[in-house]
>>> print(open('protein21.txt').read())   # compact mmCIF, C-alpha atoms
# COMPACT_ATOMS: atom_id res chain seq x y z
CA MET L 1 127.23 87.00 47.11
CA ASN L 2 123.64 87.65 46.12
CA SER L 3 122.26 90.81 47.74
CA LYS L 4 119.03 88.93 48.49
CA ASP L 5 121.01 86.89 51.00
CA CYS L 6 122.55 89.94 52.62
CA LEU L 7 121.70 90.79 56.19
CA SER L 8 118.87 93.18 56.85
CA GLU L 9 119.57 96.32 58.86
CA GLN L 10 117.92 94.73 61.89
CA GLU L 11 120.04 91.62 61.55
CA LEU L 12 123.13 93.80 61.43
CA THR L 13 122.02 95.58 64.59
CA LEU L 14 121.43 92.25 66.31
CA HIS L 15 124.82 91.03 65.11
CA TYR L 16 126.49 94.07 66.65
CA TYR L 17 124.92 93.22 70.00
CA GLY L 18 125.75 89.53 69.68
CA GLU L 19 122.10 88.58 69.40
CA HIS L 20 122.28 87.27 65.85
CA ASP L 21 121.27 83.98 64.34
CA ASP L 22 124.34 81.79 63.82
CA SER L 23 123.30 80.80 60.31
CA ARG L 24 123.32 84.45 59.27
CA GLY L 25 126.71 84.85 60.85
CA ARG L 26 128.11 82.43 58.29
CA HIS L 27 126.84 84.67 55.51
CA LEU L 28 128.61 87.60 57.06
CA ALA L 29 131.92 85.80 56.94
CA ASP L 30 131.59 85.36 53.18
CA CYS L 31 130.01 88.68 52.20
CA GLN L 32 132.28 91.66 51.83
CA ARG L 33 129.38 94.06 51.48
CA CYS L 34 127.75 92.97 54.73
CA THR L 35 131.10 92.98 56.49
CA GLN L 36 131.60 96.58 55.41
CA ARG L 37 128.12 97.54 56.57
CA LEU L 38 128.73 95.94 59.94
CA THR L 39 132.08 97.74 60.26
CA THR L 40 130.36 101.07 59.66
CA LEU L 41 127.62 100.28 62.16
CA THR L 42 130.16 99.14 64.74
CA ALA L 43 132.17 102.33 64.37
CA GLN L 44 129.08 104.48 64.83
CA LEU L 45 127.72 102.64 67.84
CA ASP L 46 131.13 102.37 69.48
CA GLN L 47 131.48 106.12 69.20
CA LEU L 48 128.30 106.84 71.11
CA PRO L 49 129.17 108.80 74.24
CA LYS L 50 129.19 106.86 77.46
CA PRO L 51 127.46 108.83 80.18
CA ASP L 52 129.08 108.68 83.59
CA CYS L 53 126.13 108.00 85.85
CA THR L 54 127.88 107.06 89.03
CA PRO L 55 126.32 108.74 92.06
CA ASP L 56 128.58 110.25 94.69
CA ALA L 57 129.70 108.37 97.77
CA LEU L 58 127.08 109.95 100.03
CA ALA L 59 124.14 109.16 97.77
CA GLY L 60 123.23 106.10 99.85
CA VAL L 61 123.15 108.07 103.08
CA ARG L 62 121.04 110.81 101.52
CA MET L 63 118.65 108.33 99.98
CA ALA L 64 118.24 106.46 103.27
CA ALA L 65 117.35 109.75 104.98
CA ARG L 66 114.85 110.66 102.25
CA VAL L 67 113.18 107.28 102.41
CA ARG L 68 113.08 107.35 106.23
CA GLU L 69 111.40 110.76 106.14
CA GLN L 70 108.83 109.60 103.62
CA LEU L 71 108.05 106.47 105.60
CA THR L 72 107.61 108.50 108.80
CA THR L 73 105.25 110.89 107.03
CA ARG L 74 103.26 108.03 105.58
CA ARG L 75 102.99 106.33 108.95
CA ARG L 76 101.59 109.54 110.46
CA ARG L 77 99.12 109.86 107.62
CA LYS L 78 98.18 106.23 108.06
CA TRP L 79 97.04 106.96 111.63
CA LEU L 80 95.16 110.13 110.72
CA PRO L 81 91.94 108.35 109.67
CA VAL L 82 92.03 106.32 112.90
CA PHE L 83 92.40 109.47 115.02
CA GLY L 84 89.74 111.18 112.94
CA ALA L 85 87.30 108.32 113.35
CA GLY L 86 88.01 108.25 117.10
CA ALA L 87 87.35 111.96 117.41
CA VAL L 88 84.08 111.68 115.49
CA ALA L 89 83.00 108.73 117.66
CA ALA L 90 83.83 110.67 120.84
CA ILE L 91 81.82 113.69 119.70
CA ALA L 92 78.91 111.43 118.77
CA LEU L 93 78.96 109.81 122.22
CA VAL L 94 79.04 113.16 123.99
CA LEU L 95 76.14 114.43 121.93
CA THR L 96 74.14 111.25 122.46
CA PHE L 97 74.44 111.09 126.22
CA SER L 98 74.42 114.77 127.11
CA PRO L 99 71.00 116.22 128.13
CA ALA L 100 69.28 117.92 125.25
CA PRO L 101 68.87 121.67 125.69
CA GLN L 102 65.34 122.80 126.31
CA PRO L 103 63.95 124.91 123.53
CA GLU L 104 63.45 128.47 124.51
CA ILE L 105 59.85 129.51 124.57
CA GLN L 106 59.41 133.20 124.30
CA GLN L 107 56.44 134.82 125.79
CA VAL L 108 54.76 136.62 123.00
CA THR L 109 52.09 139.07 123.63
CA LEU L 110 49.65 138.52 120.89
CA PRO L 111 47.51 141.25 119.59
CA SER L 112 43.99 140.99 120.82
CA ALA L 113 42.61 139.78 117.48
CA ALA L 114 45.19 137.01 117.21
CA ALA L 115 44.55 136.08 120.79
CA ALA L 116 40.89 135.91 119.96
CA THR L 117 41.63 133.70 116.97
CA LEU L 118 43.69 131.37 119.07
CA THR L 119 41.06 131.35 121.73
CA GLY L 120 38.53 130.50 119.06
CA LEU L 121 40.72 127.68 117.81
CA GLU L 122 41.16 126.32 121.26
CA GLU L 123 37.44 126.43 121.75
CA ASP L 124 36.82 124.67 118.47
CA MET L 125 39.57 122.12 118.91
CA PRO L 126 40.27 122.01 122.62
CA ASP L 127 41.88 118.57 122.59
CA ILE L 128 44.30 118.88 119.70
CA GLU L 129 47.63 117.75 121.02
CA PHE L 130 49.72 118.97 118.15
CA LEU L 131 49.37 122.48 119.44
CA ASP L 132 51.85 121.43 122.06
CA ASP L 133 54.41 121.32 119.31
CA ILE L 134 56.50 124.43 119.69
CA GLU L 135 57.18 124.75 115.96
CA LEU L 136 53.53 124.84 115.14
CA LEU L 137 52.98 127.44 117.76
CA LYS L 138 55.67 129.61 116.27
CA GLU L 139 54.07 129.31 112.87
CA LEU L 140 50.75 130.35 114.23
CA ASP L 141 52.46 133.29 115.83
CA LEU L 142 54.05 134.24 112.50
CA LEU L 143 50.72 133.88 110.72
CA ALA L 144 49.13 136.22 113.16
CA GLN L 145 51.86 138.81 112.61
CA ILE L 146 51.50 138.58 108.83
CA GLU L 147 47.82 139.11 109.08
CA GLY L 148 48.62 142.20 111.08
CA VAL L 149 46.11 141.45 113.65
CA MET T 1 118.09 85.73 89.39
CA SER T 2 119.29 85.03 85.89
CA THR T 3 123.00 84.74 85.24
CA ALA T 4 123.15 87.78 83.03
CA THR T 5 121.26 90.01 85.43
CA ALA T 6 123.28 88.70 88.35
CA ALA T 7 126.52 89.48 86.54
CA ILE T 8 125.40 93.02 85.79
CA VAL T 9 124.20 93.61 89.31
CA ASP T 10 127.42 92.21 90.71
CA SER T 11 129.55 94.40 88.46
CA LEU T 12 127.51 97.42 89.48
CA LEU T 13 127.94 96.52 93.11
CA GLU T 14 131.65 96.11 92.72
CA SER T 15 131.96 99.46 91.01
CA GLY T 16 129.55 101.10 93.42
CA TYR T 17 129.71 101.99 97.05
CA SER T 18 128.52 98.93 98.81
CA GLN T 19 129.74 95.51 99.66
CA LYS T 20 128.14 92.54 98.02
CA MET T 21 125.49 90.97 100.20
CA THR T 22 124.91 87.26 99.94
CA ALA T 23 121.43 85.81 99.57
CA ALA T 24 121.62 84.46 103.13
CA GLU T 25 122.66 87.82 104.52
CA GLU T 26 119.89 89.46 102.58
CA GLN T 27 117.35 87.07 104.07
CA GLN T 28 118.64 87.78 107.57
CA LEU T 29 118.32 91.47 106.92
CA LEU T 30 114.77 91.02 105.65
CA GLU T 31 113.88 89.12 108.81
CA ARG T 32 115.20 92.00 110.89
CA ILE T 33 113.16 94.50 108.88
CA ARG T 34 110.01 92.42 109.15
CA ALA T 35 110.56 92.29 112.89
CA GLY T 36 110.38 96.10 112.90
CA ASP T 37 114.04 97.07 112.60
CA ASP T 38 113.91 100.32 110.62
CA SER T 39 117.68 100.62 110.58
CA GLY T 40 117.74 97.36 108.64
CA PHE T 41 115.75 98.91 105.84
CA GLU T 42 118.02 101.92 105.79
CA GLN T 43 120.95 99.55 105.43
CA LEU T 44 119.16 97.93 102.51
CA VAL T 45 118.61 101.32 100.89
CA ARG T 46 122.26 102.30 101.31
CA GLU T 47 123.28 98.93 99.89
CA HIS T 48 121.33 99.37 96.65
CA THR T 49 121.26 103.13 96.14
CA GLY T 50 124.31 103.26 93.89
CA LYS T 51 123.03 100.86 91.31
CA VAL T 52 119.41 102.03 91.42
CA ILE T 53 120.31 105.69 90.91
CA GLY T 54 122.90 104.74 88.30
CA LEU T 55 120.35 102.78 86.31
CA ALA T 56 117.65 105.44 86.63
CA TRP T 57 120.18 108.14 85.70
CA ARG T 58 121.15 106.31 82.53
CA LEU T 59 117.51 105.73 81.66
CA LEU T 60 116.30 109.27 82.36
CA GLY T 61 119.41 111.34 81.72
CA SER T 62 118.93 113.44 84.83
CA ARG T 63 120.42 112.84 88.24
CA GLU T 64 117.65 114.66 90.13
CA GLU T 65 114.90 112.74 88.37
CA ALA T 66 116.88 109.56 88.93
CA GLU T 67 117.02 110.22 92.67
CA ASP T 68 113.27 110.85 92.81
CA LEU T 69 112.64 107.67 90.89
CA ALA T 70 115.00 105.70 93.12
CA GLN T 71 113.16 106.99 96.19
CA GLU T 72 109.86 105.77 94.75
CA ALA T 73 111.41 102.39 93.98
CA PHE T 74 112.60 102.02 97.58
CA LEU T 75 109.22 103.07 98.98
CA ARG T 76 107.57 100.44 96.81
CA LEU T 77 110.13 97.94 98.00
CA HIS T 78 109.19 98.76 101.60
CA ARG T 79 105.54 98.06 100.83
CA SER T 80 106.45 94.79 99.13
CA LEU T 81 108.85 93.40 101.72
CA ASP T 82 106.39 90.84 103.00
CA GLY T 83 106.37 89.28 99.54
CA PHE T 84 110.09 88.46 99.59
CA ARG T 85 110.51 84.84 100.59
CA GLY T 86 113.92 84.17 99.15
CA ASP T 87 112.88 83.09 95.68
CA SER T 88 114.20 86.30 94.14
CA ARG T 89 116.87 88.79 95.04
CA ILE T 90 116.04 92.34 96.02
CA SER T 91 118.50 93.62 93.43
CA THR T 92 116.50 91.91 90.67
CA TRP T 93 113.25 93.30 92.00
CA LEU T 94 114.71 96.80 92.18
CA TYR T 95 116.19 96.52 88.69
CA ARG T 96 112.82 95.57 87.24
CA THR T 97 110.84 98.12 89.24
CA THR T 98 113.25 100.94 88.38
CA THR T 99 113.02 100.09 84.70
CA ARG T 100 109.23 100.08 84.73
CA LEU T 101 109.07 103.29 86.74
CA ALA T 102 111.44 104.89 84.24
CA ILE T 103 109.18 103.96 81.32
CA ASP T 104 106.18 105.43 83.15
CA HIS T 105 108.17 108.57 83.92
CA LEU T 106 109.31 108.97 80.32
CA ARG T 107 105.74 108.54 79.11
CA ARG T 108 104.50 111.26 81.45
CA GLU T 109 107.32 113.55 80.38
CA ARG T 110 106.48 112.93 76.74
CA ILE T 111 102.85 113.90 77.34
CA LYS T 112 103.95 117.03 79.20
CA ARG T 113 106.27 117.95 76.36
CA ARG T 114 103.50 117.50 73.82
CA LEU T 115 101.25 119.79 75.84
CA PHE T 116 104.09 122.29 76.07
CA PHE T 117 104.62 122.25 72.32
CA PHE T 118 100.90 122.60 71.76
CA ARG T 119 100.82 125.82 73.73
CA GLN T 120 103.86 127.41 72.13
CA ASP T 121 104.09 129.24 68.87
CA ASN T 122 106.40 128.08 66.16
CA ASP T 123 109.13 130.54 67.12
CA ALA T 124 109.36 129.20 70.64
CA PRO T 125 112.67 127.53 71.45
CA ASP T 126 112.91 123.78 71.69
CA PRO T 127 112.05 122.88 75.32
CA VAL T 128 114.30 119.85 75.10
CA GLU T 129 117.24 122.15 74.61
CA LEU T 130 116.04 124.65 77.20
CA ALA T 131 115.70 121.96 79.84
CA GLY T 132 119.36 121.66 80.60
CA ASP T 133 120.62 118.68 82.48
CA PRO T 134 121.13 119.84 86.08
CA ARG T 135 123.96 117.43 86.81
CA PRO T 136 127.56 118.18 86.03
CA ASP T 137 128.43 117.24 82.50
CA PRO T 138 129.99 113.81 82.40
CA GLY T 139 132.54 114.69 79.77
CA SER T 140 135.42 117.02 80.33
CA THR T 141 135.58 118.43 76.84
CA PHE T 142 133.20 120.42 74.75
CA GLN T 143 133.08 117.63 72.20
CA SER T 144 131.89 115.05 74.66
CA GLN T 145 129.35 117.50 76.04
CA GLU T 146 128.06 118.13 72.54
CA ALA T 147 127.91 114.39 71.88
CA MET T 148 125.94 113.86 75.08
CA ARG T 149 123.55 116.64 74.16
CA LEU T 150 122.96 115.12 70.74
CA LEU T 151 122.51 111.68 72.23
CA ARG T 152 119.96 112.90 74.76
CA LYS T 153 118.11 114.83 72.10
CA SER T 154 118.01 111.83 69.82
CA LEU T 155 116.91 109.51 72.61
CA GLY T 156 114.14 111.99 73.37
CA LYS T 157 112.69 111.34 69.93
CA LEU T 158 112.27 107.66 70.67
CA SER T 159 109.29 106.15 72.41
CA PRO T 160 109.85 105.59 76.15
CA ARG T 161 110.00 101.85 75.56
CA GLN T 162 112.58 102.22 72.80
CA GLN T 163 114.68 104.52 74.97
CA VAL T 164 114.69 102.06 77.82
CA ILE T 165 115.37 99.04 75.64
CA PHE T 166 118.28 100.77 73.93
CA THR T 167 119.77 101.92 77.23
CA LEU T 168 119.39 98.52 78.85
CA ARG T 169 121.04 96.77 75.91
CA HIS T 170 123.67 99.28 74.89
CA TYR T 171 124.74 100.75 78.22
CA GLU T 172 123.66 98.15 80.75
CA GLY T 173 124.58 95.18 78.55
CA LEU T 174 121.42 93.30 79.44
CA PRO T 175 120.60 90.54 76.93
CA LEU T 176 117.46 91.05 74.88
CA LYS T 177 115.85 87.98 76.40
CA GLU T 178 116.31 89.44 79.87
CA ILE T 179 114.94 92.79 78.74
CA ALA T 180 111.91 91.04 77.29
CA GLU T 181 111.33 89.31 80.63
CA HIS T 182 111.71 92.54 82.61
CA LEU T 183 109.31 94.41 80.38
CA GLU T 184 107.01 91.44 79.78
CA LEU T 185 107.39 91.69 76.01
CA GLU T 186 108.11 89.22 73.25
CA THR T 187 111.80 88.99 72.33
CA GLY T 188 110.91 89.82 68.73
CA THR T 189 109.24 93.03 69.85
CA VAL T 190 112.30 93.99 71.86
CA LYS T 191 114.52 93.33 68.82
CA ALA T 192 112.34 95.57 66.67
CA HIS T 193 112.39 98.37 69.26
CA LEU T 194 116.15 98.13 69.57
CA HIS T 195 116.61 98.32 65.83
CA ARG T 196 114.34 101.37 65.54
CA ALA T 197 116.28 103.07 68.30
CA VAL T 198 119.63 102.33 66.66
CA THR T 199 118.35 103.56 63.30
CA GLN T 200 117.16 106.84 64.83
CA LEU T 201 120.43 107.38 66.68
CA ARG T 202 122.53 106.63 63.60
CA GLN T 203 120.47 109.06 61.59
CA ASP T 204 120.63 111.85 64.17
CA LEU T 205 124.29 111.38 65.03
CA ALA T 206 125.50 110.87 61.45
CA ASP T 207 126.72 114.45 61.16
CA TYR T 208 128.50 114.21 64.47
CA HIS T 209 130.22 110.99 63.45
CA GLU T 210 131.23 112.37 60.08
CA GLY T 211 132.52 115.55 61.69
>>> encode(input="protein21.txt", output="structure tokens")
Amino acid sequence: MNSKDCLSEQELTLHYYGEHDDSRGRHLADCQRCTQRLTTLTAQLDQLPKPDCTPDALAGVRMAARVREQLTTRRRRKWLPVFGAGAVAAIALVLTFSPAPQPEIQQVTLPSAAAATLTGLEEDMPDIEFLDDIELLKELDLLAQIEGV
Amino acid sequence: MSTATAAIVDSLLESGYSQKMTAAEEQQLLERIRAGDDSGFEQLVREHTGKVIGLAWRLLGSREEAEDLAQEAFLRLHRSLDGFRGDSRISTWLYRTTTRLAIDHLRRERIKRRLFFFRQDNDAPDPVELAGDPRPDPGSTFQSQEAMRLLRKSLGKLSPRQQVIFTLRHYEGLPLKEIAEHLELETGTVKAHLHRAVTQLRQDLADYHEG
């Protein structure tokens, strides 16, 4: 038999697993060389160790328990965002409808010069409403302290 | 379910620890689970654990990793239960999912191993050999243990896809066409992967066979 017609290594592998092309199988029947190659391959693959991968009898019970635990944990986690959102909404409602605390206004005794400045300002701009703003008043107070007057 | 896959699943069931469940019984069980019966799902898990762990164990070579993988497969099954309308069996779905999860797992392990090698000096021992299989050795003799060690080491050299294809064909007896369907590959690609795997194993185990 011409070696050009002989089975390739892949064809031999496929033949071992019964996945070969029938037409090539006919060649094998007539070719001593290919038959020998297949015999060698068969011996090697048949000798491969066969791992015993059979789980023990309680594996199913253990697995069911593991899966149940995981599902319970996931269910709890699933509700966490809902509880979290509820808590945030509750806090927001409380803050919205509770009376706002009145800002503390400290009585500051201004030095006489600062008092004079303020008095001057009031005289110059007696109707300025923004002076009612507590923050602005604090800043004016700070300015007076920086000036050291 | 295809005939070949059904035959394999049936044989696994018969050799495993559960009774065979008919398609009708399976549908009834699914209805119970969908209605909120958690014990029904546990029954389903117990029913399929043997074959899922067995398959994952053969694919990964480690019982502990196989159990983790099986757990993930069952959790995914739980999330997918609404999709089961009787056109496919749960065993088929689990078989396919376990196989795909195993390939993903082997890929991650391969990346980890590469990083490990990258950080070690040349004198560092082979991590494949250091990472001993935690399960009891399947063989009772030193020779079979040695053969298993060599097999695992050789399989570790293959790509994850080659490992899985070889295991599915050689140990699970799944036809190449079925493997191609499970892995969504061309049959020709599966044939090439199988051949590369066999070539690698023959090369690595030649000394063992000659000895």
>>> residues_around(input="protein21.txt", residues="L:His20", least_positions_apart="4", cutoff="7 Å", atoms="all atoms listed in the file", output="PDB file with C-alpha atoms, keeping the file's coordinate frame")
ATOM      1  CA  GLU L  11     120.040  91.620  61.550  1.00  0.00           C
ATOM      2  CA  LEU L  14     121.430  92.250  66.310  1.00  0.00           C
ATOM      3  CA  HIS L  15     124.820  91.030  65.110  1.00  0.00           C
TER       4      HIS L  15
END
>>> residues_near_point(input="protein21.txt", point="(113.9, 103.1, 90.8)", cutoff="6 Å", atoms="all atoms listed in the file", output="PyMOL selection string")
chain T and resi 52+69-70+73+98
>>> residues_around(input="protein21.txt", residues="T:Leu201", least_positions_apart="5", cutoff="10 Å", atoms="all atoms listed in the file", output="mmCIF file with C-alpha atoms, in the coordinates of the input")
data_model
loop_
_atom_site.group_PDB
_atom_site.id
_atom_site.type_symbol
_atom_site.label_atom_id
_atom_site.label_comp_id
_atom_site.auth_asym_id
_atom_site.auth_seq_id
_atom_site.Cartn_x
_atom_site.Cartn_y
_atom_site.Cartn_z
ATOM 1 C CA GLN L 44 129.080 104.480 64.830
ATOM 2 C CA LEU L 45 127.720 102.640 67.840
ATOM 3 C CA LEU L 48 128.300 106.840 71.110
ATOM 4 C CA LEU T 150 122.960 115.120 70.740
ATOM 5 C CA LEU T 151 122.510 111.680 72.230
ATOM 6 C CA ARG T 152 119.960 112.900 74.760
ATOM 7 C CA LYS T 153 118.110 114.830 72.100
ATOM 8 C CA SER T 154 118.010 111.830 69.820
ATOM 9 C CA LEU T 155 116.910 109.510 72.610
ATOM 10 C CA LYS T 157 112.690 111.340 69.930
ATOM 11 C CA LEU T 158 112.270 107.660 70.670
ATOM 12 C CA HIS T 195 116.610 98.320 65.830
ATOM 13 C CA ARG T 196 114.340 101.370 65.540
ATOM 14 C CA ALA T 206 125.500 110.870 61.450
#
>>> atom_distance(input="protein21.txt", atom1="atom CA of T:Leu60", atom2="atom CA of T:Arg107")
11.1 Å
>>> closest_residue(input="protein21.txt", among="L:Gly60, L:Thr72, L:Lys4, L:Leu38", to="T:Glu47", atoms="all atoms listed in the file")
L:Gly60
>>> interface_residues(input="protein21.txt", of="chain L", to="chain T", cutoff="8 Å", atoms="only C-alpha atoms", output="PDB file with C-alpha atoms, in the frame of the given file")
ATOM      1  CA  GLU L   9     119.570  96.320  58.860  1.00  0.00           C
ATOM      2  CA  GLN L  10     117.920  94.730  61.890  1.00  0.00           C
ATOM      3  CA  THR L  13     122.020  95.580  64.590  1.00  0.00           C
ATOM      4  CA  LEU L  14     121.430  92.250  66.310  1.00  0.00           C
ATOM      5  CA  TYR L  17     124.920  93.220  70.000  1.00  0.00           C
ATOM      6  CA  GLU L  19     122.100  88.580  69.400  1.00  0.00           C
ATOM      7  CA  GLN L  44     129.080 104.480  64.830  1.00  0.00           C
ATOM      8  CA  LEU L  45     127.720 102.640  67.840  1.00  0.00           C
ATOM      9  CA  GLN L  47     131.480 106.120  69.200  1.00  0.00           C
ATOM     10  CA  LEU L  48     128.300 106.840  71.110  1.00  0.00           C
ATOM     11  CA  PRO L  49     129.170 108.800  74.240  1.00  0.00           C
ATOM     12  CA  LYS L  50     129.190 106.860  77.460  1.00  0.00           C
ATOM     13  CA  PRO L  51     127.460 108.830  80.180  1.00  0.00           C
ATOM     14  CA  ASP L  52     129.080 108.680  83.590  1.00  0.00           C
ATOM     15  CA  CYS L  53     126.130 108.000  85.850  1.00  0.00           C
ATOM     16  CA  THR L  54     127.880 107.060  89.030  1.00  0.00           C
ATOM     17  CA  PRO L  55     126.320 108.740  92.060  1.00  0.00           C
ATOM     18  CA  ALA L  57     129.700 108.370  97.770  1.00  0.00           C
ATOM     19  CA  ALA L  59     124.140 109.160  97.770  1.00  0.00           C
ATOM     20  CA  GLY L  60     123.230 106.100  99.850  1.00  0.00           C
ATOM     21  CA  VAL L  61     123.150 108.070 103.080  1.00  0.00           C
ATOM     22  CA  MET L  63     118.650 108.330  99.980  1.00  0.00           C
ATOM     23  CA  ALA L  64     118.240 106.460 103.270  1.00  0.00           C
ATOM     24  CA  ALA L  65     117.350 109.750 104.980  1.00  0.00           C
ATOM     25  CA  ARG L  66     114.850 110.660 102.250  1.00  0.00           C
ATOM     26  CA  VAL L  67     113.180 107.280 102.410  1.00  0.00           C
ATOM     27  CA  ARG L  68     113.080 107.350 106.230  1.00  0.00           C
ATOM     28  CA  LEU L  71     108.050 106.470 105.600  1.00  0.00           C
TER      29      LEU L  71
END
>>> atom_distance(input="protein21.txt", atom1="atom CA of L:Ser8", atom2="atom CA of T:Thr189")
16.2 Å
>>> atom_distance(input="protein21.txt", atom1="atom CA of T:Gln163", atom2="atom CA of T:Ile103")
8.4 Å
>>> build_atoms(input="protein21.txt", residues="stretch 63-83 of chain L", atoms="N, CA and C atoms", output="PDB file, in the coordinates of the input")
ATOM      1  N   MET L  63     119.855 109.059 100.393  1.00  0.00           N
ATOM      2  CA  MET L  63     118.650 108.330  99.980  1.00  0.00           C
ATOM      3  C   MET L  63     117.987 107.667 101.189  1.00  0.00           C
ATOM      4  N   ALA L  64     118.797 107.099 102.070  1.00  0.00           N
ATOM      5  CA  ALA L  64     118.240 106.460 103.270  1.00  0.00           C
ATOM      6  C   ALA L  64     117.469 107.481 104.103  1.00  0.00           C
ATOM      7  N   ALA L  65     118.023 108.698 104.203  1.00  0.00           N
ATOM      8  CA  ALA L  65     117.350 109.750 104.980  1.00  0.00           C
ATOM      9  C   ALA L  65     116.042 110.153 104.311  1.00  0.00           C
ATOM     10  N   ARG L  66     116.074 110.281 102.993  1.00  0.00           N
ATOM     11  CA  ARG L  66     114.850 110.660 102.250  1.00  0.00           C
ATOM     12  C   ARG L  66     113.766 109.610 102.429  1.00  0.00           C
ATOM     13  N   VAL L  67     114.162 108.364 102.298  1.00  0.00           N
ATOM     14  CA  VAL L  67     113.180 107.280 102.410  1.00  0.00           C
ATOM     15  C   VAL L  67     112.626 107.211 103.831  1.00  0.00           C
ATOM     16  N   ARG L  68     113.534 107.384 104.826  1.00  0.00           N
ATOM     17  CA  ARG L  68     113.080 107.350 106.230  1.00  0.00           C
ATOM     18  C   ARG L  68     112.042 108.442 106.481  1.00  0.00           C
ATOM     19  N   GLU L  69     112.319 109.638 105.959  1.00  0.00           N
ATOM     20  CA  GLU L  69     111.400 110.760 106.140  1.00  0.00           C
ATOM     21  C   GLU L  69     110.035 110.461 105.509  1.00  0.00           C
ATOM     22  N   GLN L  70     110.080 109.926 104.319  1.00  0.00           N
ATOM     23  CA  GLN L  70     108.830 109.600 103.620  1.00  0.00           C
ATOM     24  C   GLN L  70     108.033 108.536 104.370  1.00  0.00           C
ATOM     25  N   LEU L  71     108.747 107.541 104.873  1.00  0.00           N
ATOM     26  CA  LEU L  71     108.050 106.470 105.600  1.00  0.00           C
ATOM     27  C   LEU L  71     107.425 107.003 106.878  1.00  0.00           C
ATOM     28  N   THR L  72     108.145 107.902 107.573  1.00  0.00           N
ATOM     29  CA  THR L  72     107.610 108.500 108.800  1.00  0.00           C
ATOM     30  C   THR L  72     106.357 109.297 108.490  1.00  0.00           C
ATOM     31  N   THR L  73     106.418 110.089 107.430  1.00  0.00           N
ATOM     32  CA  THR L  73     105.250 110.890 107.030  1.00  0.00           C
ATOM     33  C   THR L  73     104.070 109.995 106.699  1.00  0.00           C
ATOM     34  N   ARG L  74     104.354 108.936 105.969  1.00  0.00           N
ATOM     35  CA  ARG L  74     103.260 108.030 105.580  1.00  0.00           C
ATOM     36  C   ARG L  74     102.649 107.337 106.782  1.00  0.00           C
ATOM     37  N   ARG L  75     103.523 106.995 107.749  1.00  0.00           N
ATOM     38  CA  ARG L  75     102.990 106.330 108.950  1.00  0.00           C
ATOM     39  C   ARG L  75     102.053 107.274 109.699  1.00  0.00           C
ATOM     40  N   ARG L  76     102.463 108.572 109.770  1.00  0.00           N
ATOM     41  CA  ARG L  76     101.590 109.540 110.460  1.00  0.00           C
ATOM     42  C   ARG L  76     100.260 109.647 109.733  1.00  0.00           C
ATOM     43  N   ARG L  77     100.358 109.728 108.400  1.00  0.00           N
ATOM     44  CA  ARG L  77      99.120 109.860 107.620  1.00  0.00           C
ATOM     45  C   ARG L  77      98.240 108.617 107.772  1.00  0.00           C
ATOM     46  N   LYS L  78      98.922 107.486 107.927  1.00  0.00           N
ATOM     47  CA  LYS L  78      98.180 106.230 108.060  1.00  0.00           C
ATOM     48  C   LYS L  78      97.297 106.253 109.302  1.00  0.00           C
ATOM     49  N   TRP L  79      97.801 106.923 110.385  1.00  0.00           N
ATOM     50  CA  TRP L  79      97.040 106.960 111.630  1.00  0.00           C
ATOM     51  C   TRP L  79      95.991 108.066 111.635  1.00  0.00           C
ATOM     52  N   LEU L  80      96.092 109.007 110.729  1.00  0.00           N
ATOM     53  CA  LEU L  80      95.160 110.130 110.720  1.00  0.00           C
ATOM     54  C   LEU L  80      93.694 109.680 110.645  1.00  0.00           C
ATOM     55  N   PRO L  81      93.339 108.779 109.730  1.00  0.00           N
ATOM     56  CA  PRO L  81      91.940 108.350 109.670  1.00  0.00           C
ATOM     57  C   PRO L  81      91.478 107.699 110.972  1.00  0.00           C
ATOM     58  N   VAL L  82      92.389 106.979 111.644  1.00  0.00           N
ATOM     59  CA  VAL L  82      92.030 106.320 112.900  1.00  0.00           C
ATOM     60  C   VAL L  82      91.719 107.379 113.958  1.00  0.00           C
ATOM     61  N   PHE L  83      92.632 108.399 114.060  1.00  0.00           N
ATOM     62  CA  PHE L  83      92.400 109.470 115.020  1.00  0.00           C
ATOM     63  C   PHE L  83      91.118 110.228 114.672  1.00  0.00           C
TER      64      PHE L  83
END
